[in-house]
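The file structure-v5.txt comes next; it holds compact mmCIF, N, CA and C atoms.
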# COMPACT_ATOMS: atom_id res chain seq x y z
N MET L 1 -19.00 10.68 1.41
CA MET L 1 -17.84 9.87 1.12
C MET L 1 -17.92 8.54 1.89
N PRO L 2 -18.96 7.78 1.74
CA PRO L 2 -19.00 6.50 2.43
C PRO L 2 -17.90 5.56 1.94
N SER L 3 -17.17 4.99 2.86
CA SER L 3 -16.09 4.07 2.52
C SER L 3 -15.99 3.04 3.64
N SER L 4 -15.74 1.81 3.26
CA SER L 4 -15.58 0.77 4.27
C SER L 4 -14.20 0.82 4.90
N VAL L 5 -13.28 1.61 4.32
CA VAL L 5 -11.90 1.69 4.80
C VAL L 5 -11.60 3.05 5.43
N VAL L 6 -11.93 4.11 4.70
CA VAL L 6 -11.58 5.47 5.10
C VAL L 6 -12.77 6.14 5.79
N ASN L 7 -12.57 6.58 7.03
CA ASN L 7 -13.60 7.32 7.74
C ASN L 7 -13.64 8.75 7.24
N ARG L 8 -12.45 9.38 7.21
CA ARG L 8 -12.34 10.75 6.67
C ARG L 8 -10.89 11.04 6.36
N PHE L 9 -10.68 12.12 5.64
CA PHE L 9 -9.32 12.54 5.36
C PHE L 9 -9.22 14.06 5.40
N ILE L 10 -8.03 14.52 5.72
CA ILE L 10 -7.75 15.96 5.79
C ILE L 10 -6.46 16.18 5.02
N TYR L 11 -6.45 17.23 4.21
CA TYR L 11 -5.23 17.56 3.46
C TYR L 11 -4.71 18.90 3.92
N PHE L 12 -3.41 18.94 4.19
CA PHE L 12 -2.73 20.17 4.60
C PHE L 12 -1.85 20.62 3.43
N PRO L 13 -2.35 21.53 2.60
CA PRO L 13 -1.62 21.89 1.37
C PRO L 13 -0.26 22.54 1.62
N ASP L 14 -0.12 23.28 2.70
CA ASP L 14 1.17 23.96 2.95
C ASP L 14 2.31 22.96 3.17
N THR L 15 1.98 21.82 3.76
CA THR L 15 3.00 20.82 4.05
C THR L 15 2.87 19.57 3.19
N GLU L 16 1.82 19.53 2.35
CA GLU L 16 1.52 18.38 1.50
C GLU L 16 1.37 17.09 2.30
N ILE L 17 0.71 17.21 3.44
CA ILE L 17 0.42 16.04 4.27
C ILE L 17 -1.05 15.66 4.11
N LEU L 18 -1.26 14.39 3.82
CA LEU L 18 -2.60 13.83 3.74
C LEU L 18 -2.82 12.98 4.99
N ARG L 19 -3.78 13.36 5.80
CA ARG L 19 -4.09 12.60 7.00
C ARG L 19 -5.33 11.74 6.72
N ILE L 20 -5.15 10.44 6.89
CA ILE L 20 -6.24 9.50 6.70
C ILE L 20 -6.66 8.97 8.07
N ILE L 21 -7.94 9.07 8.37
CA ILE L 21 -8.48 8.46 9.57
C ILE L 21 -9.31 7.26 9.08
N TYR L 22 -8.86 6.08 9.47
CA TYR L 22 -9.49 4.85 9.03
C TYR L 22 -10.74 4.55 9.86
N GLN L 23 -11.58 3.67 9.35
CA GLN L 23 -12.78 3.26 10.08
C GLN L 23 -12.42 2.65 11.43
N SER L 24 -11.26 2.05 11.53
CA SER L 24 -10.80 1.44 12.78
C SER L 24 -10.44 2.47 13.85
N GLY L 25 -10.27 3.73 13.42
CA GLY L 25 -9.86 4.79 14.33
C GLY L 25 -8.38 5.13 14.21
N ALA L 26 -7.61 4.26 13.56
CA ALA L 26 -6.19 4.55 13.34
C ALA L 26 -6.05 5.74 12.39
N ALA L 27 -5.00 6.53 12.60
CA ALA L 27 -4.76 7.69 11.76
C ALA L 27 -3.31 7.68 11.29
N TYR L 28 -3.13 8.00 10.01
CA TYR L 28 -1.80 8.04 9.41
C TYR L 28 -1.64 9.33 8.63
N ASP L 29 -0.44 9.87 8.66
CA ASP L 29 -0.08 10.99 7.79
C ASP L 29 0.75 10.45 6.64
N TYR L 30 0.34 10.77 5.43
CA TYR L 30 1.09 10.44 4.22
C TYR L 30 1.79 11.71 3.77
N LEU L 31 3.10 11.60 3.55
CA LEU L 31 3.94 12.77 3.37
C LEU L 31 4.21 13.11 1.90
N LYS L 32 4.30 14.42 1.64
CA LYS L 32 4.64 14.96 0.33
C LYS L 32 3.68 14.49 -0.77
N VAL L 33 2.39 14.51 -0.46
CA VAL L 33 1.37 14.12 -1.43
C VAL L 33 0.93 15.38 -2.19
N PRO L 34 1.15 15.43 -3.49
CA PRO L 34 0.79 16.64 -4.24
C PRO L 34 -0.72 16.83 -4.39
N GLN L 35 -1.11 18.06 -4.59
CA GLN L 35 -2.52 18.42 -4.76
C GLN L 35 -3.19 17.61 -5.87
N SER L 36 -2.47 17.33 -6.94
CA SER L 36 -3.05 16.58 -8.05
C SER L 36 -3.51 15.18 -7.62
N ILE L 37 -2.79 14.55 -6.72
CA ILE L 37 -3.18 13.24 -6.21
C ILE L 37 -4.41 13.36 -5.31
N ILE L 38 -4.46 14.42 -4.52
CA ILE L 38 -5.61 14.66 -3.64
C ILE L 38 -6.88 14.83 -4.46
N GLU L 39 -6.78 15.55 -5.55
CA GLU L 39 -7.95 15.76 -6.42
C GLU L 39 -8.46 14.43 -6.97
N LYS L 40 -7.54 13.56 -7.37
CA LYS L 40 -7.93 12.24 -7.89
C LYS L 40 -8.50 11.37 -6.76
N PHE L 41 -7.89 11.44 -5.59
CA PHE L 41 -8.38 10.69 -4.44
C PHE L 41 -9.79 11.13 -4.08
N SER L 42 -10.02 12.42 -4.06
CA SER L 42 -11.35 12.96 -3.73
C SER L 42 -12.41 12.48 -4.71
N ALA L 43 -12.03 12.36 -5.97
CA ALA L 43 -12.97 11.97 -7.02
C ALA L 43 -13.13 10.46 -7.16
N ALA L 44 -12.25 9.69 -6.54
CA ALA L 44 -12.28 8.23 -6.69
C ALA L 44 -13.56 7.64 -6.10
N LYS L 45 -14.15 6.69 -6.84
CA LYS L 45 -15.34 6.01 -6.35
C LYS L 45 -15.01 5.17 -5.12
N SER L 46 -13.86 4.52 -5.14
CA SER L 46 -13.42 3.71 -4.01
C SER L 46 -12.18 4.33 -3.39
N LYS L 47 -12.36 4.96 -2.25
CA LYS L 47 -11.22 5.58 -1.56
C LYS L 47 -10.22 4.51 -1.13
N GLY L 48 -10.70 3.37 -0.66
CA GLY L 48 -9.82 2.30 -0.21
C GLY L 48 -8.95 1.76 -1.33
N GLN L 49 -9.53 1.53 -2.50
CA GLN L 49 -8.76 1.03 -3.64
C GLN L 49 -7.72 2.05 -4.09
N PHE L 50 -8.12 3.30 -4.16
CA PHE L 50 -7.17 4.35 -4.58
C PHE L 50 -6.03 4.45 -3.57
N LEU L 51 -6.37 4.41 -2.31
CA LEU L 51 -5.37 4.48 -1.25
C LEU L 51 -4.37 3.33 -1.39
N ASN L 52 -4.87 2.12 -1.58
CA ASN L 52 -4.00 0.95 -1.67
C ASN L 52 -3.17 0.90 -2.95
N LYS L 53 -3.72 1.39 -4.06
CA LYS L 53 -3.02 1.29 -5.35
C LYS L 53 -2.13 2.48 -5.65
N VAL L 54 -2.50 3.67 -5.18
CA VAL L 54 -1.77 4.88 -5.56
C VAL L 54 -1.00 5.50 -4.40
N ILE L 55 -1.65 5.67 -3.29
CA ILE L 55 -1.04 6.44 -2.20
C ILE L 55 -0.06 5.62 -1.37
N LYS L 56 -0.51 4.48 -0.86
CA LYS L 56 0.35 3.67 0.02
C LYS L 56 1.68 3.27 -0.64
N PRO L 57 1.68 2.82 -1.90
CA PRO L 57 2.96 2.39 -2.48
C PRO L 57 3.94 3.54 -2.78
N LYS L 58 3.44 4.76 -2.90
CA LYS L 58 4.29 5.86 -3.38
C LYS L 58 4.70 6.87 -2.33
N PHE L 59 3.98 6.91 -1.20
CA PHE L 59 4.23 7.98 -0.25
C PHE L 59 4.53 7.42 1.14
N LYS L 60 5.59 7.95 1.75
CA LYS L 60 5.97 7.56 3.10
C LYS L 60 4.84 7.94 4.03
N HIS L 61 4.65 7.12 5.07
CA HIS L 61 3.58 7.41 6.02
C HIS L 61 4.08 7.23 7.45
N ILE L 62 3.37 7.92 8.36
CA ILE L 62 3.68 7.88 9.78
C ILE L 62 2.36 7.64 10.52
N LYS L 63 2.34 6.65 11.41
CA LYS L 63 1.15 6.42 12.23
C LYS L 63 1.10 7.49 13.31
N ILE L 64 -0.06 8.14 13.43
CA ILE L 64 -0.18 9.20 14.43
C ILE L 64 -1.13 8.82 15.57
N SER L 65 -1.93 7.79 15.38
CA SER L 65 -2.77 7.30 16.49
C SER L 65 -3.26 5.90 16.19
Any chance you could give the structure as structure tokens?
Amino acid sequence: MPSSVVNRFIYFPDTEILRIIYQSGAAYDYLKVPQSIIEKFSAAKSKGQFLNKVIKPKFKHIKIS
């Protein structure tokens, strides 16, 4: 999953939290993200574009580090 924006991501299905760890080291939790979005995110050629167009505008987020 090479990405110039996203270092890695973790999905917690029980709570529907998507944790994104950016290349900068910053980490954010995106809340109430359904499994269907995670599947599309995983399959996206550009994680950064998908994140900016689909996830960031629709889901509340909290900076965790």
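Here atom C of Phe59 of chain L stands at a distance of 15.5 Å from atom N of Glu39 of chain L.
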Which residue is closest to Ser4 of chain L? Choose from L:Lys47, L:Lys63, L:Lys53, L:Lys58 and count all atoms listed in the file.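 Smallest separation from Ser4 of chain L among the options: L:Lys47.
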Counting all atoms listed in the file, the residue of L:Lys56, L:Ile38, L:Ala26, L:Leu51 that sits nearest Tyr11 of chain L: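 Among the listed residues, L:Ile38 lies closest to Tyr11 of chain L.
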Taking the backbone alone, and naming residues the way the document does, which bits of chain L are strand (DSSP E or B) by DSSP, as an MDAnalysis selection string? chainID L and resid 6:12 17:22 27:30 61:63
Test item: residues at most 12 Å from Ser36 of chain L, only C-alpha atoms, excluding those fewer than 4 positions along its chain, as an MDAnalysis selection string: chainID L and resid 11 13 16 32 40:43 55
